[in-house]
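Engineer: Have a look at this one.
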Amino acid sequence: MMKKVIAVLYCIGLCSSVFAQESLDSLRSDGKVVYSGINKNNWGAKLRESNIHLGIDFQTKYIWRGMEMMTEDAAPVLFPAINYQWSGLYVYAMGGYSLNGKYAEVDLGISYTWKGLTIGFNDYYYPTTNSNEDAYFCGGKNTGHWLEAVITYSPEKIPVWITVSNFFYGADKYADSNGKEKQAYSTYVELGTYYEFLNNNRISLAVGSACNKSCYNGYEKDFSVCNVELKYTHNVNFKNGWTLPLSVAYIYNPHRDKSFVNFTTNIAF
């Protein structure tokens, strides 16, 4: 009887169209089949670990660089994302959607990190909910895109970081004293530090400022501190090695004189 069971499992293993295994070695005591040889997919390529990852973020309130992204009809926001990572290269696509359907966002980006220095480009797209003028590819002067160049430096052995960001193209515009529309080139600089505990739990402090008349200060001032964030992250570690980060941040915007307490979590695979 045992020989018949092994023979059936052997046939199933050979007939698998997903992995195209080459040969069967033995049947383990736990019932799993052990294969030898090179594993291949049904394109004939050797199976390897994927560089593609996916996840979803949850925020109770959407605050970004001190800005309240939903000032009316505010609701928690979900951020589904997919990314590709290889060596220092990082490419991603991410959406942002409020639970009440009043907000939408689509972001694309690419960056490269080398010895703590990260250089990246991002395309933030904010479509309106009731207009067709901000078409994704053919929006023209009514484009909903904000194109950003960003540099971050975080030394490997020193717990600090500095980020410099500039919106160099897109909907980042304002009217000057003559009523003429101009590209704002909104520039944001952030300094931060952190302290780590066991299991990568971390407390961090960041201070960010707008360096010119920009979207961060309503195009009102040449310089303003717009973001002070104190955040604690606790990682819930599961037996299978998976980690669930939970964060709570106290955020204060000195320019707007407004404060928030925000909860975030990320599920990543």
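If you're wondering about the labels, chains in the structure tokens are A, B, ... by order shown, residues count from 1 in each chain, ligands from 1 in order shown.
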For Val164 in chain A, list every protein, DNA or RNA residue within 8 Å, evaluated using only C-alpha atoms, and leave out those in the same chain fewer than 5 positions away; present the list as a list in words.

Structural biologist: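 These residues fall inside the cut-off: Val150, Ile151, Thr152, Thr187, Tyr188, Val189 and Glu190 of chain A.
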
Engineer: Could you pull out the strand (DSSP E) residues of range 41-237 of chain A, going by DSSP on the backbone, and write them as a PyMOL selection string?

Structural biologist: chain A and resi 52-59+63-64+67-68+77-86+89-98+104-114+117-125+145-153+160-170+173-175+181-183+187-196+202-210+224-237

Engineer: Neighbours of Pro127 in chain A within 12 Å (only C-alpha atoms; same-chain residues fewer than 6 positions away dropped), as JSON, numbers by chain?

Structural biologist: {"A": [95, 96, 97, 102, 103, 104, 105, 106, 107, 133, 134, 135, 136, 137, 139, 142, 143, 144, 145, 146, 171]}

Engineer: Based on the selection just made, write N, CA and C atoms of those residues as a CSV table (one decimal), in the first residue's frame.

Structural biologist:
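And here's selection_39.csv as it stands now:
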```
chain,number,residue,atom,x,y,z
A,95,GLY,N,-1.0,54.0,-4.5
A,95,GLY,CA,-2.2,54.8,-4.5
A,95,GLY,C,-2.6,55.3,-3.1
A,96,GLY,N,-3.4,56.3,-3.1
A,96,GLY,CA,-3.9,56.8,-1.8
A,96,GLY,C,-5.4,57.0,-1.9
A,97,TYR,N,-6.2,56.4,-1.1
A,97,TYR,CA,-7.7,56.4,-1.2
A,97,TYR,C,-8.3,56.5,0.2
A,102,LYS,N,-13.6,60.5,-0.8
A,102,LYS,CA,-13.4,62.0,-1.1
A,102,LYS,C,-12.0,62.3,-1.5
A,103,TYR,N,-11.1,61.4,-1.5
A,103,TYR,CA,-9.7,61.7,-1.8
A,103,TYR,C,-9.1,60.6,-2.6
A,104,ALA,N,-8.3,60.9,-3.6
A,104,ALA,CA,-7.6,59.9,-4.4
A,104,ALA,C,-6.2,60.5,-4.8
A,105,GLU,N,-5.2,59.6,-4.9
A,105,GLU,CA,-3.9,59.9,-5.2
A,105,GLU,C,-3.2,58.7,-5.9
A,106,VAL,N,-2.3,59.0,-6.9
A,106,VAL,CA,-1.5,58.0,-7.5
A,106,VAL,C,-0.1,58.5,-7.6
A,107,ASP,N,0.8,57.7,-7.1
A,107,ASP,CA,2.2,58.1,-7.0
A,107,ASP,C,3.1,57.1,-7.7
A,133,GLU,N,-10.8,67.7,-16.4
A,133,GLU,CA,-9.7,68.6,-16.9
A,133,GLU,C,-8.3,68.2,-16.6
A,134,ASP,N,-8.2,67.4,-15.5
A,134,ASP,CA,-6.8,67.0,-15.1
A,134,ASP,C,-6.6,65.6,-15.5
A,135,ALA,N,-6.7,65.3,-16.8
A,135,ALA,CA,-6.5,64.0,-17.3
A,135,ALA,C,-5.1,63.6,-17.0
A,136,TYR,N,-4.8,62.3,-16.9
A,136,TYR,CA,-3.5,61.8,-16.4
A,136,TYR,C,-2.4,62.1,-17.4
A,137,PHE,N,-2.7,61.9,-18.7
A,137,PHE,CA,-1.6,62.1,-19.7
A,137,PHE,C,-1.8,63.4,-20.5
A,139,GLY,N,-3.5,66.5,-19.4
A,139,GLY,CA,-4.1,67.5,-18.6
A,139,GLY,C,-3.7,68.9,-19.0
A,142,ASN,N,-3.7,72.2,-16.8
A,142,ASN,CA,-4.5,71.8,-15.6
A,142,ASN,C,-4.1,70.5,-15.1
A,143,THR,N,-2.8,70.1,-15.3
A,143,THR,CA,-2.3,68.9,-14.9
A,143,THR,C,-2.5,68.7,-13.4
A,144,GLY,N,-2.7,67.4,-13.0
A,144,GLY,CA,-2.8,67.1,-11.6
A,144,GLY,C,-1.5,66.5,-11.0
A,145,HIS,N,-0.5,66.5,-11.9
A,145,HIS,CA,0.8,66.0,-11.5
A,145,HIS,C,1.7,67.0,-10.8
A,146,TRP,N,2.5,66.5,-9.8
A,146,TRP,CA,3.5,67.2,-9.1
A,146,TRP,C,4.8,66.4,-9.2
A,171,ALA,N,1.7,71.0,-11.1
A,171,ALA,CA,0.6,71.9,-10.6
A,171,ALA,C,1.0,72.8,-9.4
```

Engineer: What does the distance between CA of Tyr195 in chain A and CA of Val228 in chain A come to in Å, to one decimal place?

Structural biologist: 16.6 Å

Engineer: What gap, in Å, lies between CA of Trp64 in chain A and CA of Asp257 in chain A?

Structural biologist: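 Separation of CA of Trp64 in chain A and CA of Asp257 in chain A: 15.5 Å.
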
Engineer: Where does range 152-266 of chain A meet range 71-79 of chain A within 12 Å, residue by residue, with the nearest atom pair and distance in Å to one decimal for each, counting only C-alpha atoms, listed by chain and rising number, as CSV?

Structural biologist:
```
residue,atom,partner,partner_atom,distance
A:Lys258,CA,A:Thr71,CA,11.9
A:Asn262,CA,A:Pro76,CA,10.0
A:Phe263,CA,A:Pro76,CA,9.7
A:Thr264,CA,A:Val77,CA,9.7
A:Thr265,CA,A:Leu78,CA,10.0
A:Asn266,CA,A:Phe79,CA,9.1
```

Engineer: From a DSSP calculation on the backbone, collect every residue of range 108-229 of chain A in helix (DSSP H, G or I) and output the set as a list in words.

Structural biologist: Gly140, Lys141, Asn142, Leu198, Asn199, Asn200, Cys215, Tyr216 and Asn217 of chain A

Engineer: Keeping C-alpha atoms for every residue in the selection just given, could you write it to a file as an mmCIF file, in the first residue's frame?

Structural biologist:
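Result written to selection_39.cif:
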```cif
data_model
loop_
_atom_site.group_PDB
_atom_site.id
_atom_site.type_symbol
_atom_site.label_atom_id
_atom_site.label_comp_id
_atom_site.auth_asym_id
_atom_site.auth_seq_id
_atom_site.Cartn_x
_atom_site.Cartn_y
_atom_site.Cartn_z
ATOM 1 C CA GLY A 140 -2.077 70.348 -20.094
ATOM 2 C CA LYS A 141 -1.915 73.405 -17.861
ATOM 3 C CA ASN A 142 -4.547 71.808 -15.639
ATOM 4 C CA LEU A 198 15.184 46.059 20.888
ATOM 5 C CA ASN A 199 13.373 44.514 17.885
ATOM 6 C CA ASN A 200 13.936 47.701 15.853
ATOM 7 C CA CYS A 215 2.623 74.644 -1.067
ATOM 8 C CA TYR A 216 3.805 73.908 2.475
ATOM 9 C CA ASN A 217 2.989 77.431 3.682
#
```

Engineer: Skipping near chain neighbours, those fewer than 6 positions away, what residues fall within 6 Å of Asn166 in chain A using only C-alpha atoms, listed as a PyMOL selection string?

Structural biologist: chain A and resi 148-149+186-187

Engineer: Between A:Ile82, A:Asp222, A:Tyr90, A:Asn227, single out the one closest to Tyr112 in chain A, counting only C-alpha atoms.

Structural biologist: A:Tyr90

Engineer: Would you kindly return, as a PyMOL selection string, each protein, DNA or RNA residue with an atom no farther than 8 Å from any atom of Ser111 in chain A, considering only C-alpha atoms and excluding same-chain residues fewer than 5 positions away?

Structural biologist: chain A and resi 89-91+118-121

Engineer: Which residue gives the smallest distance to Asn253 in chain A among A:Ile267, A:Ile52, A:Met70, A:Val225, with only C-alpha atoms counted?

Structural biologist: A:Val225

Engineer: Excluding Tyr250 in chain A and residues on its chain fewer than 4 positions from it, collect all residues at most 8 Å away from it, counting only C-alpha atoms, and give them as a ChimeraX atom specification.

Structural biologist: /A:229-231,259-262

Engineer: Could you dump the residues just selected with N, CA and C atoms as a PDB file, in the first residue's frame?

Structural biologist:
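Heads up, here's the output in part-v6.pdb:
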```pdb
ATOM      1  N   GLU A 229       7.616  66.598  14.120  1.00  0.00           N
ATOM      2  CA  GLU A 229       6.987  65.290  14.314  1.00  0.00           C
ATOM      3  C   GLU A 229       7.788  64.443  15.291  1.00  0.00           C
ATOM      4  N   LEU A 230       7.108  63.999  16.341  1.00  0.00           N
ATOM      5  CA  LEU A 230       7.682  63.062  17.306  1.00  0.00           C
ATOM      6  C   LEU A 230       6.919  61.748  17.161  1.00  0.00           C
ATOM      7  N   LYS A 231       7.625  60.671  16.799  1.00  0.00           N
ATOM      8  CA  LYS A 231       6.945  59.409  16.485  1.00  0.00           C
ATOM      9  C   LYS A 231       7.606  58.236  17.183  1.00  0.00           C
ATOM     10  N   SER A 259      -2.065  71.030  15.476  1.00  0.00           N
ATOM     11  CA  SER A 259      -1.411  69.800  15.897  1.00  0.00           C
ATOM     12  C   SER A 259      -2.329  68.610  15.651  1.00  0.00           C
ATOM     13  N   PHE A 260      -1.701  67.428  15.523  1.00  0.00           N
ATOM     14  CA  PHE A 260      -2.431  66.200  15.222  1.00  0.00           C
ATOM     15  C   PHE A 260      -1.756  65.040  15.948  1.00  0.00           C
ATOM     16  N   VAL A 261      -2.538  63.996  16.199  1.00  0.00           N
ATOM     17  CA  VAL A 261      -2.007  62.728  16.658  1.00  0.00           C
ATOM     18  C   VAL A 261      -2.463  61.701  15.637  1.00  0.00           C
ATOM     19  N   ASN A 262      -1.496  60.993  15.031  1.00  0.00           N
ATOM     20  CA  ASN A 262      -1.796  60.127  13.903  1.00  0.00           C
ATOM     21  C   ASN A 262      -1.293  58.708  14.151  1.00  0.00           C
TER      22      ASN A 262
END
```

Engineer: Go through A:Tyr125, A:Tyr92, A:Phe167, A:Tyr62 one by one, measure the shortest atom-to-atom distance of each to Asn212 in chain A using only C-alpha atoms, and give the residue with the smallest value.

Structural biologist: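 Looking only at the distances to Asn212 in chain A, the closest residue turns out to be A:Phe167.
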
Engineer: When distances are computed from only C-alpha atoms, which of A:Ser87, A:Ile203, A:Tyr194, A:Gly170 shows the smallest separation from Asn51 in chain A?

Structural biologist: A:Ser87

Engineer: To one decimal in Å, tell me the separation between CA of Leu54 in chain A and CA of Cys138 in chain A.

Structural biologist: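 Computing it gives 28.9 Å between the two atoms.
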
Engineer: Hey, which of A:Glu196, A:Tyr126, A:Gly208, A:Ser214 ends up closest to Phe168 in chain A? Count only C-alpha atoms.

Structural biologist: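 Closest residue, counting only C-alpha atoms: A:Ser214.
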